[in-house]
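Notes follow the structure.
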Amino acid sequence: MSRIALSRRALLAAGAALPLVACGGEQAAPATDALSPAELIFSILSAEGQASAGPLWQPLLDDMAAAIGVPVKPFFGSNYTILVQAMESAQTHVAWFSAKPAIEAIDRAKGEVVARIVDPEGRDSYQSTLIVKAGSGITLDDVLACGKRHDFGIGDAQSTSGTLAPMTFLFNPRSVVPADCFRTVRSANHQANAFGVASGVLDVATSNTVNTVFLKRQNPQIAAQIEEIWTSPPIPESGIVVREDLEPALKEKIRGFFLGYGQGTGAEADRQKAVLAGLNYSAFRAADDSYLDPVREMVADQKLQEARAKGDQAAATAAEADLNALRAKREVQP
């Protein structure tokens, strides 16, 4: 059986081959576009890689399958662009996304937020960081002095904490362009950049506070060789995104599963809490896409800076209008 329901076109074509209903010659009710897959595909991108992240996620996916009555299979991609494209083409149906790719999925891939993540301390935000090798003596002022003296590791182009946040909060306000500032610039995930700094291949790199937790847990020797020289303001935590055209009852089962997972008391709740602790979570909180507005502001600011650098007045005007609208929305919210 196909992983997704037949398309509307296929259903209509199949219907055309059937005889008319005897009573009055009426045709069957028109088909819907809702997806009702025989197997849900859940996409994950983890800085730790599939080998490390797979065992952490699998118990939750097994519990999800039991709760919603549909098998759930993980899908690991090498970057966020691949994962957004997979959801856009309905190769995946549910995803764990950080904020910026979640926005991409909403805008391009029929994505809908059903929950956001809460960490063990009850926070629903985290921070981007800049890391250097412990004892290197490299300071933030050294980094911002540029002069093509350092080898720099930046994140995936779609990474909220690996690229967007350091550009928005650190580099753009100081008119620092990484390609012009550093000797070399390499794009990779957080784990690869952390190992690059620890081994001396990179002098400085972006990371985040979540990756720091996993490094200390899984690679304490690597973590001991790294120190942070900058942290960003809080960034909205990752969220769970589903395709909005999933069959409504199935979508609500998925939403209910996440919002109830690891809550309450008793042996089963304690087991689920242990699964969440392995992911460095404590709960999933109800959310819609408005929780991503602070990151939308960051995206609009980045687009504005890029348009100004290119001298593209039309693009700059559009980005500035988006930025002002988002700021106005924030100012009127309670």
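Residues are referred to by chain and number: the chain letter is A, B, ... according to the order shown in the structure tokens, the number counts from 1 in that chain, and ligands are numbered separately from 1 in the order shown.
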
Residues near Glu244 in chain A, cut-off 8 Å, only C-alpha atoms, skip fewer than 3 positions along chain, as a PyMOL selection string: chain A and resi 110-112+251

message: Would you pick out the contacts of Lys329 in chain A at 12 Å or less, using only C-alpha atoms, so that residues sharing its chain but fewer than 4 positions from it are not included, and give the list as a list of chain:residue names?
response: A:Ser290, A:Asp293, A:Pro294, A:Arg296, A:Glu297, A:Asp322, A:Leu323, A:Asn324, A:Ala325, A:Gln333, A:Pro334

- request: Identify, on the basis of only C-alpha atoms, every residue whose closest approach to Thr139 in chain A does not exceed 12 Å; exclude the query and any residue fewer than 4 positions from it along the same chain; express the result as a ChimeraX atom specification.
  value: /A:130-135,143-146,150,203-204,227-230

message: I need the residues in range 75-293 of chain A that are strand (DSSP E) according to DSSP; give them as a PyMOL selection string.
response: chain A and resi 75-76+94-97+111-118+125-126+128-133+151-154+184-187+204-208+226-231+235-236+239-243+283-286

Non-local contacts of Ser128 in chain A (9 Å; only C-alpha atoms; under 4 positions in same chain excluded) as a list in words: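 Near neighbours after the sequence-gap exclusion: Thr160, Ser161, Gly162, Thr163, Ala165, Pro166, Thr206, Ser207, Asn208, Thr209, Val210, Trp230, Thr231, Ser232, Pro233, Pro234 and Ile235 of chain A.
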
- prompt: Quick one: residues within 9 Å of range 58-62 of chain A, only C-alpha atoms counted, chain neighbours fewer than 6 positions away excluded, as a PyMOL selection string?
  reply: chain A and resi 42+71-74+261+272+275-276

What does the file look like for those residues with all heavy atoms, as a PDB file, in the first residue's frame?
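part29.pdb was written with the following content:
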ATOM      1  N   PHE A  42       8.352  10.328  10.178  1.00  0.00           N
ATOM      2  CA  PHE A  42       8.703  11.401  11.117  1.00  0.00           C
ATOM      3  C   PHE A  42      10.148  11.808  10.852  1.00  0.00           C
ATOM      4  O   PHE A  42      11.071  11.010  11.008  1.00  0.00           O
ATOM      5  CB  PHE A  42       8.545  10.890  12.554  1.00  0.00           C
ATOM      6  CG  PHE A  42       8.667  11.934  13.623  1.00  0.00           C
ATOM      7  CD1 PHE A  42       7.555  12.378  14.312  1.00  0.00           C
ATOM      8  CD2 PHE A  42       9.906  12.467  13.965  1.00  0.00           C
ATOM      9  CE1 PHE A  42       7.667  13.335  15.321  1.00  0.00           C
ATOM     10  CE2 PHE A  42      10.028  13.416  14.963  1.00  0.00           C
ATOM     11  CZ  PHE A  42       8.906  13.857  15.640  1.00  0.00           C
ATOM     12  N   PRO A  71       1.665   2.940  12.241  1.00  0.00           N
ATOM     13  CA  PRO A  71       3.120   2.801  12.376  1.00  0.00           C
ATOM     14  C   PRO A  71       3.838   4.119  12.106  1.00  0.00           C
ATOM     15  O   PRO A  71       3.421   4.894  11.246  1.00  0.00           O
ATOM     16  CB  PRO A  71       3.472   1.755  11.315  1.00  0.00           C
ATOM     17  CG  PRO A  71       2.205   1.006  11.069  1.00  0.00           C
ATOM     18  CD  PRO A  71       1.103   2.006  11.250  1.00  0.00           C
ATOM     19  N   VAL A  72       4.905   4.362  12.852  1.00  0.00           N
ATOM     20  CA  VAL A  72       5.683   5.598  12.690  1.00  0.00           C
ATOM     21  C   VAL A  72       7.130   5.220  12.428  1.00  0.00           C
ATOM     22  O   VAL A  72       7.742   4.480  13.211  1.00  0.00           O
ATOM     23  CB  VAL A  72       5.594   6.489  13.950  1.00  0.00           C
ATOM     24  CG1 VAL A  72       6.402   7.775  13.743  1.00  0.00           C
ATOM     25  CG2 VAL A  72       4.142   6.822  14.266  1.00  0.00           C
ATOM     26  N   LYS A  73       7.677   5.746  11.339  1.00  0.00           N
ATOM     27  CA  LYS A  73       9.045   5.434  10.939  1.00  0.00           C
ATOM     28  C   LYS A  73       9.879   6.708  10.919  1.00  0.00           C
ATOM     29  O   LYS A  73       9.447   7.724  10.386  1.00  0.00           O
ATOM     30  CB  LYS A  73       9.037   4.791   9.546  1.00  0.00           C
ATOM     31  CG  LYS A  73      10.416   4.445   9.005  1.00  0.00           C
ATOM     32  CD  LYS A  73      10.294   3.829   7.619  1.00  0.00           C
ATOM     33  CE  LYS A  73      11.671   3.519   7.022  1.00  0.00           C
ATOM     34  NZ  LYS A  73      11.555   2.930   5.660  1.00  0.00           N
ATOM     35  N   PRO A  74      11.088   6.693  11.496  1.00  0.00           N
ATOM     36  CA  PRO A  74      11.931   7.900  11.461  1.00  0.00           C
ATOM     37  C   PRO A  74      12.561   8.100  10.089  1.00  0.00           C
ATOM     38  O   PRO A  74      12.814   7.145   9.353  1.00  0.00           O
ATOM     39  CB  PRO A  74      12.994   7.612  12.512  1.00  0.00           C
ATOM     40  CG  PRO A  74      13.111   6.124  12.525  1.00  0.00           C
ATOM     41  CD  PRO A  74      11.731   5.598  12.258  1.00  0.00           C
ATOM     42  N   TYR A 261       2.086  13.610  26.459  1.00  0.00           N
ATOM     43  CA  TYR A 261       3.204  12.702  26.680  1.00  0.00           C
ATOM     44  C   TYR A 261       4.036  13.112  27.890  1.00  0.00           C
ATOM     45  O   TYR A 261       4.453  14.270  28.029  1.00  0.00           O
ATOM     46  CB  TYR A 261       4.092  12.653  25.447  1.00  0.00           C
ATOM     47  CG  TYR A 261       5.057  11.479  25.449  1.00  0.00           C
ATOM     48  CD1 TYR A 261       4.610  10.196  25.148  1.00  0.00           C
ATOM     49  CD2 TYR A 261       6.404  11.647  25.751  1.00  0.00           C
ATOM     50  CE1 TYR A 261       5.474   9.108  25.140  1.00  0.00           C
ATOM     51  CE2 TYR A 261       7.277  10.570  25.755  1.00  0.00           C
ATOM     52  CZ  TYR A 261       6.808   9.305  25.449  1.00  0.00           C
ATOM     53  OH  TYR A 261       7.662   8.227  25.456  1.00  0.00           O
ATOM     54  N   GLN A 272       7.672   7.588  30.413  1.00  0.00           N
ATOM     55  CA  GLN A 272       7.657   8.592  29.350  1.00  0.00           C
ATOM     56  C   GLN A 272       8.533   9.795  29.713  1.00  0.00           C
ATOM     57  O   GLN A 272       9.216  10.354  28.844  1.00  0.00           O
ATOM     58  CB  GLN A 272       6.225   9.034  29.069  1.00  0.00           C
ATOM     59  CG  GLN A 272       5.359   7.932  28.476  1.00  0.00           C
ATOM     60  CD  GLN A 272       3.908   8.372  28.289  1.00  0.00           C
ATOM     61  OE1 GLN A 272       3.537   9.498  28.588  1.00  0.00           O
ATOM     62  NE2 GLN A 272       3.087   7.447  27.798  1.00  0.00           N
ATOM     63  N   VAL A 275      11.996   9.015  28.840  1.00  0.00           N
ATOM     64  CA  VAL A 275      12.228   9.156  27.397  1.00  0.00           C
ATOM     65  C   VAL A 275      12.465  10.629  27.049  1.00  0.00           C
ATOM     66  O   VAL A 275      13.403  10.967  26.313  1.00  0.00           O
ATOM     67  CB  VAL A 275      11.030   8.601  26.595  1.00  0.00           C
ATOM     68  CG1 VAL A 275      11.190   8.909  25.102  1.00  0.00           C
ATOM     69  CG2 VAL A 275      10.894   7.092  26.811  1.00  0.00           C
ATOM     70  N   LEU A 276      11.640  11.505  27.593  1.00  0.00           N
ATOM     71  CA  LEU A 276      11.808  12.941  27.343  1.00  0.00           C
ATOM     72  C   LEU A 276      13.146  13.435  27.887  1.00  0.00           C
ATOM     73  O   LEU A 276      13.814  14.255  27.245  1.00  0.00           O
ATOM     74  CB  LEU A 276      10.661  13.728  27.994  1.00  0.00           C
ATOM     75  CG  LEU A 276       9.281  13.586  27.351  1.00  0.00           C
ATOM     76  CD1 LEU A 276       8.230  14.315  28.182  1.00  0.00           C
ATOM     77  CD2 LEU A 276       9.291  14.122  25.926  1.00  0.00           C
TER      78      LEU A 276
END

message: I'd like the interatomic distance between CA of Ala188 in chain A and CA of Ser43 in chain A, to a tenth of an Å.
response: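 Those two atoms sit 18.8 Å apart.
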
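Excluding Gly196 in chain A itself and same-chain residues fewer than 5 positions from it, the residues having an atom within 8 Å of it are A:Gly153, A:Val201, A:Leu202, counting only C-alpha atoms.
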